[in-house]
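J.: This is the content of protein-v3.pdb (PDB, C-alpha atoms):
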ATOM      1  CA  MET A   1      63.997 168.121 151.753
ATOM      2  CA  LYS A   2      67.322 167.788 149.937
ATOM      3  CA  GLU A   3      69.061 166.905 153.221
ATOM      4  CA  PHE A   4      66.382 164.267 153.858
ATOM      5  CA  TRP A   5      67.088 162.582 150.526
ATOM      6  CA  LYS A   6      70.854 162.923 150.843
ATOM      7  CA  GLU A   7      70.562 160.896 154.027
ATOM      8  CA  ASN A   8      68.268 158.322 152.390
ATOM      9  CA  SER A   9      69.893 157.925 148.963
ATOM     10  CA  LYS A  10      73.442 156.837 149.733
ATOM     11  CA  GLU A  11      73.193 153.562 147.805
ATOM     12  CA  ALA A  12      70.530 154.628 145.262
ATOM     13  CA  THR A  13      68.640 151.342 145.712
ATOM     14  CA  VAL A  14      64.959 150.573 145.208
ATOM     15  CA  GLU A  15      64.631 150.107 148.995
ATOM     16  CA  GLU A  16      65.870 153.675 149.486
ATOM     17  CA  MET A  17      63.602 154.993 146.740
ATOM     18  CA  MET A  18      60.542 153.463 148.398
ATOM     19  CA  LEU A  19      61.808 153.801 152.008
ATOM     20  CA  ASP A  20      60.623 150.236 152.550
ATOM     21  CA  SER A  21      62.321 146.864 153.159
ATOM     22  CA  GLN A  22      59.581 145.174 151.074
ATOM     23  CA  ALA A  23      60.327 147.361 148.054
ATOM     24  CA  ASN A  24      61.157 144.543 145.633
ATOM     25  CA  GLU A  25      57.999 142.575 146.434
ATOM     26  CA  LEU A  26      55.840 145.704 146.266
ATOM     27  CA  THR A  27      57.369 146.761 142.944
ATOM     28  CA  GLN A  28      56.568 143.382 141.406
ATOM     29  CA  TYR A  29      52.849 144.045 141.879
ATOM     30  CA  GLU A  30      52.415 147.818 141.987
ATOM     31  CA  LEU A  31      54.454 148.666 138.892
ATOM     32  CA  PRO A  32      52.232 146.793 136.388
ATOM     33  CA  GLU A  33      49.164 147.994 138.291
ATOM     34  CA  ILE A  34      50.151 151.648 137.897
ATOM     35  CA  LEU A  35      51.260 151.289 134.280
ATOM     36  CA  SER A  36      47.871 149.757 133.431
ATOM     37  CA  ILE A  37      46.141 152.948 134.610
ATOM     38  CA  LEU A  38      47.950 155.242 132.178
ATOM     39  CA  PRO A  39      46.440 156.298 128.843
ATOM     40  CA  CYS A  40      47.955 155.055 125.570
ATOM     41  CA  LEU A  41      51.417 156.617 125.282
ATOM     42  CA  ARG A  42      52.108 155.886 121.623
ATOM     43  CA  GLU A  43      53.547 159.044 119.997
ATOM     44  CA  SER A  44      53.397 160.795 123.392
ATOM     45  CA  ASN A  45      55.920 163.080 125.058
ATOM     46  CA  VAL A  46      56.111 162.109 128.734
ATOM     47  CA  LEU A  47      57.490 164.252 131.549
ATOM     48  CA  GLU A  48      58.437 162.017 134.481
ATOM     49  CA  LEU A  49      58.912 164.010 137.686
ATOM     50  CA  GLY A  50      60.720 162.563 140.691
ATOM     51  CA  ALA A  51      62.006 159.820 138.390
ATOM     52  CA  GLY A  52      64.555 158.601 140.929
ATOM     53  CA  ILE A  53      66.735 155.714 139.763
ATOM     54  CA  GLY A  54      64.388 154.944 136.864
ATOM     55  CA  ARG A  55      62.007 152.403 138.355
ATOM     56  CA  TYR A  56      59.306 153.653 135.968
ATOM     57  CA  THR A  57      61.526 155.322 133.347
ATOM     58  CA  SER A  58      62.614 151.998 131.875
ATOM     59  CA  HIS A  59      58.968 151.070 131.246
ATOM     60  CA  LEU A  60      57.664 154.451 130.138
ATOM     61  CA  LEU A  61      60.296 154.868 127.431
ATOM     62  CA  THR A  62      59.265 151.566 125.790
ATOM     63  CA  LYS A  63      55.721 152.917 125.407
ATOM     64  CA  ALA A  64      56.225 156.634 124.700
ATOM     65  CA  LYS A  65      57.757 158.615 121.861
ATOM     66  CA  HIS A  66      60.011 160.462 124.321
ATOM     67  CA  VAL A  67      60.507 160.594 128.106
ATOM     68  CA  THR A  68      62.073 163.480 130.010
ATOM     69  CA  ALA A  69      63.118 162.056 133.390
ATOM     70  CA  VAL A  70      63.623 164.649 136.135
ATOM     71  CA  ASP A  71      64.947 164.274 139.666
ATOM     72  CA  PHE A  72      66.715 166.654 142.037
ATOM     73  CA  MET A  73      69.146 164.082 143.477
ATOM     74  CA  GLU A  74      72.317 163.710 141.395
ATOM     75  CA  SER A  75      72.924 160.123 142.554
ATOM     76  CA  PHE A  76      69.438 159.095 141.384
ATOM     77  CA  VAL A  77      69.772 160.862 138.024
ATOM     78  CA  GLU A  78      73.153 159.247 137.351
ATOM     79  CA  LYS A  79      71.885 155.755 138.195
ATOM     80  CA  ASN A  80      68.875 156.300 135.935
ATOM     81  CA  ARG A  81      71.247 157.454 133.187
ATOM     82  CA  ARG A  82      73.414 154.340 133.635
ATOM     83  CA  ASN A  83      70.351 152.083 133.499
ATOM     84  CA  ASN A  84      68.465 153.772 130.660
ATOM     85  CA  GLY A  85      70.844 156.159 128.893
ATOM     86  CA  HIS A  86      71.410 153.707 126.026
ATOM     87  CA  HIS A  87      67.896 154.494 124.758
ATOM     88  CA  SER A  88      67.617 157.307 122.209
ATOM     89  CA  ASN A  89      64.209 158.569 123.337
ATOM     90  CA  VAL A  90      65.041 159.685 126.881
ATOM     91  CA  THR A  91      66.475 162.896 128.344
ATOM     92  CA  PHE A  92      67.716 163.218 131.927
ATOM     93  CA  ILE A  93      67.458 166.461 133.894
ATOM     94  CA  GLN A  94      68.664 167.172 137.421
ATOM     95  CA  SER A  95      66.328 169.841 138.768
ATOM     96  CA  ASP A  96      64.111 170.791 141.661
ATOM     97  CA  VAL A  97      60.559 170.536 140.324
ATOM     98  CA  THR A  98      59.722 173.905 141.893
ATOM     99  CA  LYS A  99      62.340 175.524 139.620
ATOM    100  CA  LEU A 100      61.700 173.439 136.516
ATOM    101  CA  GLU A 101      60.764 175.212 133.282
ATOM    102  CA  ILE A 102      59.099 173.291 130.452
ATOM    103  CA  PRO A 103      57.832 174.733 127.128
ATOM    104  CA  LYS A 104      54.085 175.388 127.101
ATOM    105  CA  ASN A 105      51.778 172.854 125.430
ATOM    106  CA  SER A 106      54.671 170.421 124.831
ATOM    107  CA  ILE A 107      53.762 167.438 127.044
ATOM    108  CA  ASP A 108      51.118 164.720 126.610
ATOM    109  CA  LEU A 109      51.500 163.055 130.020
ATOM    110  CA  ILE A 110      53.062 164.246 133.268
ATOM    111  CA  PHE A 111      53.864 161.238 135.453
ATOM    112  CA  SER A 112      54.759 161.611 139.128
ATOM    113  CA  ASN A 113      55.053 158.895 141.735
ATOM    114  CA  TRP A 114      55.485 160.121 145.330
ATOM    115  CA  LEU A 115      56.355 163.718 144.536
ATOM    116  CA  LEU A 116      53.565 166.068 145.625
ATOM    117  CA  MET A 117      53.844 165.014 149.261
ATOM    118  CA  TYR A 118      57.309 166.577 149.328
ATOM    119  CA  LEU A 119      55.967 170.000 148.308
ATOM    120  CA  SER A 120      54.540 172.611 150.659
ATOM    121  CA  ASN A 121      50.962 173.761 150.049
ATOM    122  CA  GLU A 122      52.140 176.873 148.195
ATOM    123  CA  GLU A 123      54.655 174.908 146.121
ATOM    124  CA  LEU A 124      51.945 172.387 145.296
ATOM    125  CA  LYS A 125      49.485 175.035 144.061
ATOM    126  CA  THR A 126      52.200 176.650 141.946
ATOM    127  CA  PHE A 127      53.195 173.292 140.475
ATOM    128  CA  MET A 128      49.613 172.408 139.556
ATOM    129  CA  LYS A 129      49.187 175.693 137.691
ATOM    130  CA  LYS A 130      52.515 175.275 135.883
ATOM    131  CA  SER A 131      51.621 171.714 134.915
ATOM    132  CA  LEU A 132      48.471 172.977 133.175
ATOM    133  CA  HIS A 133      50.668 175.245 131.040
ATOM    134  CA  TRP A 134      53.075 172.419 130.192
ATOM    135  CA  LEU A 135      50.382 170.006 129.013
ATOM    136  CA  ARG A 136      48.854 170.048 125.555
ATOM    137  CA  PRO A 137      45.040 170.374 125.408
ATOM    138  CA  GLY A 138      43.613 167.000 126.417
ATOM    139  CA  GLY A 139      46.893 166.015 128.092
ATOM    140  CA  PHE A 140      47.033 164.016 131.318
ATOM    141  CA  LEU A 141      48.591 164.335 134.770
ATOM    142  CA  PHE A 142      49.101 161.142 136.771
ATOM    143  CA  PHE A 143      50.148 161.325 140.408
ATOM    144  CA  ARG A 144      50.344 158.848 143.257
ATOM    145  CA  GLU A 145      50.814 159.813 146.908
ATOM    146  CA  SER A 146      50.972 158.463 150.441
ATOM    147  CA  CYS A 147      47.863 159.838 152.139
ATOM    148  CA  ASN A 148      47.204 160.309 155.874
ATOM    149  CA  HIS A 149      50.486 158.750 157.091
ATOM    150  CA  ARG A 150      53.694 157.130 155.878
ATOM    151  CA  SER A 151      53.661 153.634 154.422
ATOM    152  CA  GLY A 152      57.316 152.583 154.420
ATOM    153  CA  ASP A 153      59.158 150.899 157.304
ATOM    154  CA  ALA A 154      62.573 152.554 156.887
ATOM    155  CA  LYS A 155      64.005 154.097 160.032
ATOM    156  CA  LEU A 156      64.045 157.868 159.582
ATOM    157  CA  GLU A 157      65.859 160.405 161.730
ATOM    158  CA  CYS A 158      63.410 163.070 160.536
ATOM    159  CA  ASN A 159      60.545 163.101 158.089
ATOM    160  CA  PRO A 160      59.560 166.408 156.423
ATOM    161  CA  THR A 161      56.849 164.803 154.265
ATOM    162  CA  PHE A 162      53.327 166.312 154.029
ATOM    163  CA  TYR A 163      50.810 163.474 154.432
ATOM    164  CA  ARG A 164      47.641 165.042 153.068
ATOM    165  CA  THR A 165      44.257 163.356 152.877
ATOM    166  CA  ASP A 166      42.870 162.249 149.541
ATOM    167  CA  GLU A 167      40.179 164.903 150.015
ATOM    168  CA  ASP A 168      42.919 167.545 150.219
ATOM    169  CA  TYR A 169      44.122 166.472 146.781
ATOM    170  CA  ASN A 170      40.565 166.307 145.423
ATOM    171  CA  HIS A 171      39.956 169.886 146.562
ATOM    172  CA  LEU A 172      43.220 171.069 145.036
ATOM    173  CA  VAL A 173      42.434 169.445 141.696
ATOM    174  CA  SER A 174      38.980 171.014 141.511
ATOM    175  CA  SER A 175      40.084 174.481 142.613
ATOM    176  CA  VAL A 176      43.202 175.115 140.498
ATOM    177  CA  ASP A 177      42.830 176.624 137.052
ATOM    178  CA  ILE A 178      44.571 178.970 134.610
ATOM    179  CA  GLU A 179      43.288 181.479 132.077
ATOM    180  CA  GLU A 180      44.268 181.126 128.433
ATOM    181  CA  PRO A 181      45.737 184.374 127.047
ATOM    182  CA  GLU A 182      43.542 184.151 123.947
ATOM    183  CA  GLY A 183      39.837 184.409 124.775
ATOM    184  CA  GLY A 184      40.301 184.232 128.544
ATOM    185  CA  GLN A 185      39.055 180.649 128.699
ATOM    186  CA  LYS A 186      39.440 178.883 132.060
ATOM    187  CA  ILE A 187      41.470 175.667 131.903
ATOM    188  CA  GLY A 188      41.647 173.130 134.705
ATOM    189  CA  TYR A 189      41.723 169.436 135.552
ATOM    190  CA  LYS A 190      39.015 166.786 135.430
ATOM    191  CA  ILE A 191      39.446 163.614 137.493
ATOM    192  CA  VAL A 192      39.373 160.699 135.054
ATOM    193  CA  LEU A 193      40.257 158.101 137.660
ATOM    194  CA  LYS A 194      41.076 157.913 141.357
ATOM    195  CA  LYS A 195      41.905 154.633 143.057
ATOM    196  CA  LYS A 196      43.739 152.994 145.920
ATOM    197  CA  ILE A 197      46.838 150.995 145.028
ATOM    198  CA  GLN A 198      45.769 147.367 145.366
ATOM    199  CA  ALA A 199      49.325 146.052 145.817
ATOM    200  CA  TYR A 200      49.632 147.955 149.107
ATOM    201  CA  MET A 201      46.219 146.810 150.262
ATOM    202  CA  LYS A 202      47.072 143.161 149.591
ATOM    203  CA  ILE A 203      50.660 143.092 150.856
ATOM    204  CA  LYS A 204      50.532 145.647 153.673
ATOM    205  CA  ASN A 205      46.793 146.037 154.354
ATOM    206  CA  ASN A 206      47.341 149.723 153.616
ATOM    207  CA  PRO A 207      44.549 151.676 151.877
ATOM    208  CA  ASN A 208      46.414 154.993 152.033
ATOM    209  CA  GLN A 209      48.343 154.720 148.774
ATOM    210  CA  VAL A 210      46.150 156.615 146.311
ATOM    211  CA  CYS A 211      46.589 157.645 142.682
ATOM    212  CA  TRP A 212      44.826 160.076 140.359
ATOM    213  CA  LEU A 213      44.639 160.422 136.586
ATOM    214  CA  LEU A 214      43.617 163.932 135.551
ATOM    215  CA  GLU A 215      42.805 165.397 132.139
ATOM    216  CA  LYS A 216      43.436 169.003 131.115
ATOM    217  CA  VAL A 217      40.053 170.412 130.057
ATOM    218  CA  SER A 218      38.212 173.638 129.496
ATOM    219  CA  ARG A 219      36.238 174.477 132.644
ATOM    220  CA  SER A 220      33.302 175.620 130.526
ATOM    221  CA  HIS A 221      33.033 172.093 129.104
ATOM    222  CA  ASP A 222      33.965 170.293 132.317
ATOM    223  CA  ASN A 223      30.932 168.374 133.527
TER     224      ASN A 223
END
Let me see the file written as structure tokens.

T.:
Amino acid sequence: MKEFWKENSKEATVEEMMLDSQANELTQYELPEILSILPCLRESNVLELGAGIGRYTSHLLTKAKHVTAVDFMESFVEKNRRNNGHHSNVTFIQSDVTKLEIPKNSIDLIFSNWLLMYLSNEELKTFMKKSLHWLRPGGFLFFRESCNHRSGDAKLECNPTFYRTDEDYNHLVSSVDIEEPEGGQKIGYKIVLKKKIQAYMKIKNNPNQVCWLLEKVSRSHDN
């Protein structure tokens, strides 16, 4: 996966980030659409995974108490730092999400945009469990993925992406849980919202861009 992004991140542009020649037009519509889905971030600690060059970082840090922006490509992290490093409420980390360690119960919102489709099934299950530990009780996980097939028009020599169905993600969300050390209570995710990205439907007639907003809940109280 790292070789894939090395090949497709030479200029660290928004077109490379989205692997699409229409990236600027799409961003104009999809960015406010996605931000409108998020819960209130006032006084929140946000963990942004796969932050890239900071397409969302620059907006999240104006709404949140603090943003930790993580990406595994050095060129992306450095461009994000150049664009947003003058803000005092942002931290930049270069790390593979599968190796990332975050203190337990320290995050209010985990935000990921096009990340899970780059993880294998085992890596994805492990990440989902770890994310439940990172979030505070009542915290949220937002993720958006390309389902079924790719959506960009960039020419790719190879493409190691996993294009799962939205039902695959639904099943994962409902089946993953952790056990709290005190009391043995089961903790998992509840789907608060699931929707297709309207910007892609309008501009590209593509219904396969799907996002989820999940809440960390006790399974015993999860209706």

J.: Name every residue that the PyMOL selection byres ((chain A and resi 29) around 10) selects in this structure, writing the answer as JSON, numbers by chain with chains first and numbers rising.

T.: {"A": [24, 25, 26, 27, 28, 30, 31, 32, 33, 34, 197, 198, 199, 200, 202, 203]}

J.: For the selection just defined, write its residues with C-alpha atoms to a file, as a PDB file, in the frame of the given file.

T.:
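Result went into again.pdb, see below:
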ATOM      1  CA  ASN A  24      61.157 144.543 145.633  1.00  0.00           C
ATOM      2  CA  GLU A  25      57.999 142.575 146.434  1.00  0.00           C
ATOM      3  CA  LEU A  26      55.840 145.704 146.266  1.00  0.00           C
ATOM      4  CA  THR A  27      57.369 146.761 142.944  1.00  0.00           C
ATOM      5  CA  GLN A  28      56.568 143.382 141.406  1.00  0.00           C
ATOM      6  CA  GLU A  30      52.415 147.818 141.987  1.00  0.00           C
ATOM      7  CA  LEU A  31      54.454 148.666 138.892  1.00  0.00           C
ATOM      8  CA  PRO A  32      52.232 146.793 136.388  1.00  0.00           C
ATOM      9  CA  GLU A  33      49.164 147.994 138.291  1.00  0.00           C
ATOM     10  CA  ILE A  34      50.151 151.648 137.897  1.00  0.00           C
ATOM     11  CA  ILE A 197      46.838 150.995 145.028  1.00  0.00           C
ATOM     12  CA  GLN A 198      45.769 147.367 145.366  1.00  0.00           C
ATOM     13  CA  ALA A 199      49.325 146.052 145.817  1.00  0.00           C
ATOM     14  CA  TYR A 200      49.632 147.955 149.107  1.00  0.00           C
ATOM     15  CA  LYS A 202      47.072 143.161 149.591  1.00  0.00           C
ATOM     16  CA  ILE A 203      50.660 143.092 150.856  1.00  0.00           C
TER      17      ILE A 203
END

J.: Produce the centre coordinates and the three edge lengths, each in Å to one decimal, of the box along x, y and z that contains all listed atoms of segment 202-217 of chain A with 6 Å added on each side, as AutoDock Vina command-line options.

T.:
--center_x 45.4 --center_y 156.8 --center_z 142.2 --size_x 22.6 --size_y 39.3 --size_z 36.3

J.: Please identify all polymer residues within 10 Å of Leu115 of chain A, counting only C-alpha atoms, omitting same-chain residues fewer than 3 positions from it, and present them as a PyMOL selection string.

T.: chain A and resi 49-51+71+97+111-112+118-119+124+143-146+161

J.: Applying 7 Å and all atoms listed in the file, which residues near segment 75-88 of chain A remain after dropping the ones on its own chain fewer than 4 positions away? List them as an NGL selection string.

T.: :A and (12 or 52-54 or 58 or 71 or 92 or 94)

J.: How would you write, as number ranges by chain, the residues chosen by the PyMOL selection byres ((chain A and resi 127) around 12) on this structure?

T.: A: 49, 96-102, 110, 112, 115-116, 118-126, 128-134, 141, 172-173, 176-178

J.: One decimal, Å: what's the distance from atom CA of Lys65 of chain A over to atom CA of Leu109 of chain A, could you say?

T.: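 Straight-line distance from atom CA of Lys65 of chain A to atom CA of Leu109 of chain A works out to 11.2 Å.
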
J.: Write out as a PyMOL selection string the residues lying within 6 Å of Trp212 of chain A, counting only C-alpha atoms and excluding same-chain residues fewer than 6 positions away.

T.: chain A and resi 142-143+193-194

J.: Just to be explicit: take each residue in the selection above, keep C-alpha atoms, and write the result as a PDB file, in the frame of the given file.

T.:
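This went into again-v7.pdb:
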ATOM      1  CA  PHE A 142      49.101 161.142 136.771  1.00  0.00           C
ATOM      2  CA  PHE A 143      50.148 161.325 140.408  1.00  0.00           C
ATOM      3  CA  LEU A 193      40.257 158.101 137.660  1.00  0.00           C
ATOM      4  CA  LYS A 194      41.076 157.913 141.357  1.00  0.00           C
TER       5      LYS A 194
END

J.: Given all atoms listed in the file as the basis, pick out the residue of A:Thr165, A:His149, A:Leu135, A:Glu179 nearest to Asn206 of chain A.

T.: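 Going through A:Thr165, A:His149, A:Leu135, A:Glu179 one by one, the smallest distance to Asn206 of chain A is for A:His149.
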
J.: Can you work out the spacing between atom CA of Val70 of chain A and atom CA of Thr57 of chain A in Å, to one decimal?

T.: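 Between these atoms lies a distance of 10.0 Å.
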
J.: Mind pulling up the distance from atom CA of Asn105 of chain A to atom CA of Arg55 of chain A?

T.: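 Going from atom CA of Arg55 of chain A over to atom CA of Asn105 of chain A covers 26.3 Å.
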
J.: Considering only C-alpha atoms, can you say which of A:Cys211, A:Cys40, A:Val67, A:Gln185 comes closest to Tyr169 of chain A?

T.: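 Looking at the shortest contact to Tyr169 of chain A, the residue is A:Cys211.
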
J.: Kindly write N, CA, C and O atoms of segment 84-102 of chain A from the structure just given to a file, as a PDB file, in the first residue's frame.

T.:
ATOM      1  N   ASN A  84      -1.328  23.991   7.854  1.00  0.00           N
ATOM      2  CA  ASN A  84      -2.111  24.160   9.090  1.00  0.00           C
ATOM      3  C   ASN A  84      -1.285  24.234  10.365  1.00  0.00           C
ATOM      4  O   ASN A  84      -1.842  24.385  11.458  1.00  0.00           O
ATOM      5  N   GLY A  85       0.035  24.139  10.247  1.00  0.00           N
ATOM      6  CA  GLY A  85       0.889  24.106  11.430  1.00  0.00           C
ATOM      7  C   GLY A  85       0.912  25.386  12.234  1.00  0.00           C
ATOM      8  O   GLY A  85       1.392  25.396  13.376  1.00  0.00           O
ATOM      9  N   HIS A  86       0.410  26.484  11.662  1.00  0.00           N
ATOM     10  CA  HIS A  86       0.381  27.759  12.405  1.00  0.00           C
ATOM     11  C   HIS A  86      -0.724  27.777  13.459  1.00  0.00           C
ATOM     12  O   HIS A  86      -0.753  28.665  14.311  1.00  0.00           O
ATOM     13  N   HIS A  87      -1.619  26.804  13.436  1.00  0.00           N
ATOM     14  CA  HIS A  87      -2.659  26.708  14.463  1.00  0.00           C
ATOM     15  C   HIS A  87      -2.098  26.016  15.705  1.00  0.00           C
ATOM     16  O   HIS A  87      -1.287  25.093  15.600  1.00  0.00           O
ATOM     17  N   SER A  88      -2.544  26.432  16.861  1.00  0.00           N
ATOM     18  CA  SER A  88      -2.011  25.891  18.124  1.00  0.00           C
ATOM     19  C   SER A  88      -2.740  24.636  18.589  1.00  0.00           C
ATOM     20  O   SER A  88      -2.287  23.979  19.529  1.00  0.00           O
ATOM     21  N   ASN A  89      -3.851  24.307  17.952  1.00  0.00           N
ATOM     22  CA  ASN A  89      -4.663  23.179  18.432  1.00  0.00           C
ATOM     23  C   ASN A  89      -4.605  21.980  17.497  1.00  0.00           C
ATOM     24  O   ASN A  89      -5.575  21.234  17.342  1.00  0.00           O
ATOM     25  N   VAL A  90      -3.459  21.772  16.850  1.00  0.00           N
ATOM     26  CA  VAL A  90      -3.311  20.629  15.949  1.00  0.00           C
ATOM     27  C   VAL A  90      -1.953  19.975  16.155  1.00  0.00           C
ATOM     28  O   VAL A  90      -0.951  20.650  16.375  1.00  0.00           O
ATOM     29  N   THR A  91      -1.950  18.637  16.123  1.00  0.00           N
ATOM     30  CA  THR A  91      -0.734  17.837  16.209  1.00  0.00           C
ATOM     31  C   THR A  91      -0.664  16.949  14.979  1.00  0.00           C
ATOM     32  O   THR A  91      -1.680  16.390  14.553  1.00  0.00           O
ATOM     33  N   PHE A  92       0.524  16.817  14.402  1.00  0.00           N
ATOM     34  CA  PHE A  92       0.711  16.004  13.202  1.00  0.00           C
ATOM     35  C   PHE A  92       1.528  14.766  13.550  1.00  0.00           C
ATOM     36  O   PHE A  92       2.556  14.858  14.217  1.00  0.00           O
ATOM     37  N   ILE A  93       1.058  13.609  13.094  1.00  0.00           N
ATOM     38  CA  ILE A  93       1.752  12.351  13.344  1.00  0.00           C
ATOM     39  C   ILE A  93       1.890  11.582  12.036  1.00  0.00           C
ATOM     40  O   ILE A  93       0.910  11.421  11.301  1.00  0.00           O
ATOM     41  N   GLN A  94       3.109  11.144  11.730  1.00  0.00           N
ATOM     42  CA  GLN A  94       3.302  10.241  10.598  1.00  0.00           C
ATOM     43  C   GLN A  94       3.306   8.824  11.144  1.00  0.00           C
ATOM     44  O   GLN A  94       4.183   8.437  11.916  1.00  0.00           O
ATOM     45  N   SER A  95       2.290   8.046  10.772  1.00  0.00           N
ATOM     46  CA  SER A  95       2.172   6.686  11.294  1.00  0.00           C
ATOM     47  C   SER A  95       1.237   5.871  10.421  1.00  0.00           C
ATOM     48  O   SER A  95       0.277   6.391   9.855  1.00  0.00           O
ATOM     49  N   ASP A  96       1.520   4.597  10.347  1.00  0.00           N
ATOM     50  CA  ASP A  96       0.598   3.622   9.773  1.00  0.00           C
ATOM     51  C   ASP A  96      -0.502   3.391  10.808  1.00  0.00           C
ATOM     52  O   ASP A  96      -0.221   3.125  11.973  1.00  0.00           O
ATOM     53  N   VAL A  97      -1.754   3.511  10.390  1.00  0.00           N
ATOM     54  CA  VAL A  97      -2.861   3.392  11.339  1.00  0.00           C
ATOM     55  C   VAL A  97      -2.881   2.034  12.032  1.00  0.00           C
ATOM     56  O   VAL A  97      -3.340   1.915  13.175  1.00  0.00           O
ATOM     57  N   THR A  98      -2.339   1.008  11.370  1.00  0.00           N
ATOM     58  CA  THR A  98      -2.331  -0.327  11.975  1.00  0.00           C
ATOM     59  C   THR A  98      -1.315  -0.421  13.118  1.00  0.00           C
ATOM     60  O   THR A  98      -1.355  -1.370  13.899  1.00  0.00           O
ATOM     61  N   LYS A  99      -0.416   0.561  13.218  1.00  0.00           N
ATOM     62  CA  LYS A  99       0.585   0.566  14.287  1.00  0.00           C
ATOM     63  C   LYS A  99       0.375   1.715  15.270  1.00  0.00           C
ATOM     64  O   LYS A  99       1.144   1.883  16.213  1.00  0.00           O
ATOM     65  N   LEU A 100      -0.654   2.492  15.045  1.00  0.00           N
ATOM     66  CA  LEU A 100      -0.921   3.674  15.855  1.00  0.00           C
ATOM     67  C   LEU A 100      -1.388   3.294  17.255  1.00  0.00           C
ATOM     68  O   LEU A 100      -2.206   2.391  17.419  1.00  0.00           O
ATOM     69  N   GLU A 101      -0.861   3.999  18.259  1.00  0.00           N
ATOM     70  CA  GLU A 101      -1.298   3.815  19.638  1.00  0.00           C
ATOM     71  C   GLU A 101      -1.814   5.143  20.175  1.00  0.00           C
ATOM     72  O   GLU A 101      -1.129   6.159  20.101  1.00  0.00           O
ATOM     73  N   ILE A 102      -3.033   5.121  20.695  1.00  0.00           N
ATOM     74  CA  ILE A 102      -3.684   6.309  21.238  1.00  0.00           C
ATOM     75  C   ILE A 102      -4.167   5.984  22.650  1.00  0.00           C
ATOM     76  O   ILE A 102      -4.685   4.882  22.884  1.00  0.00           O
TER      77      ILE A 102
END
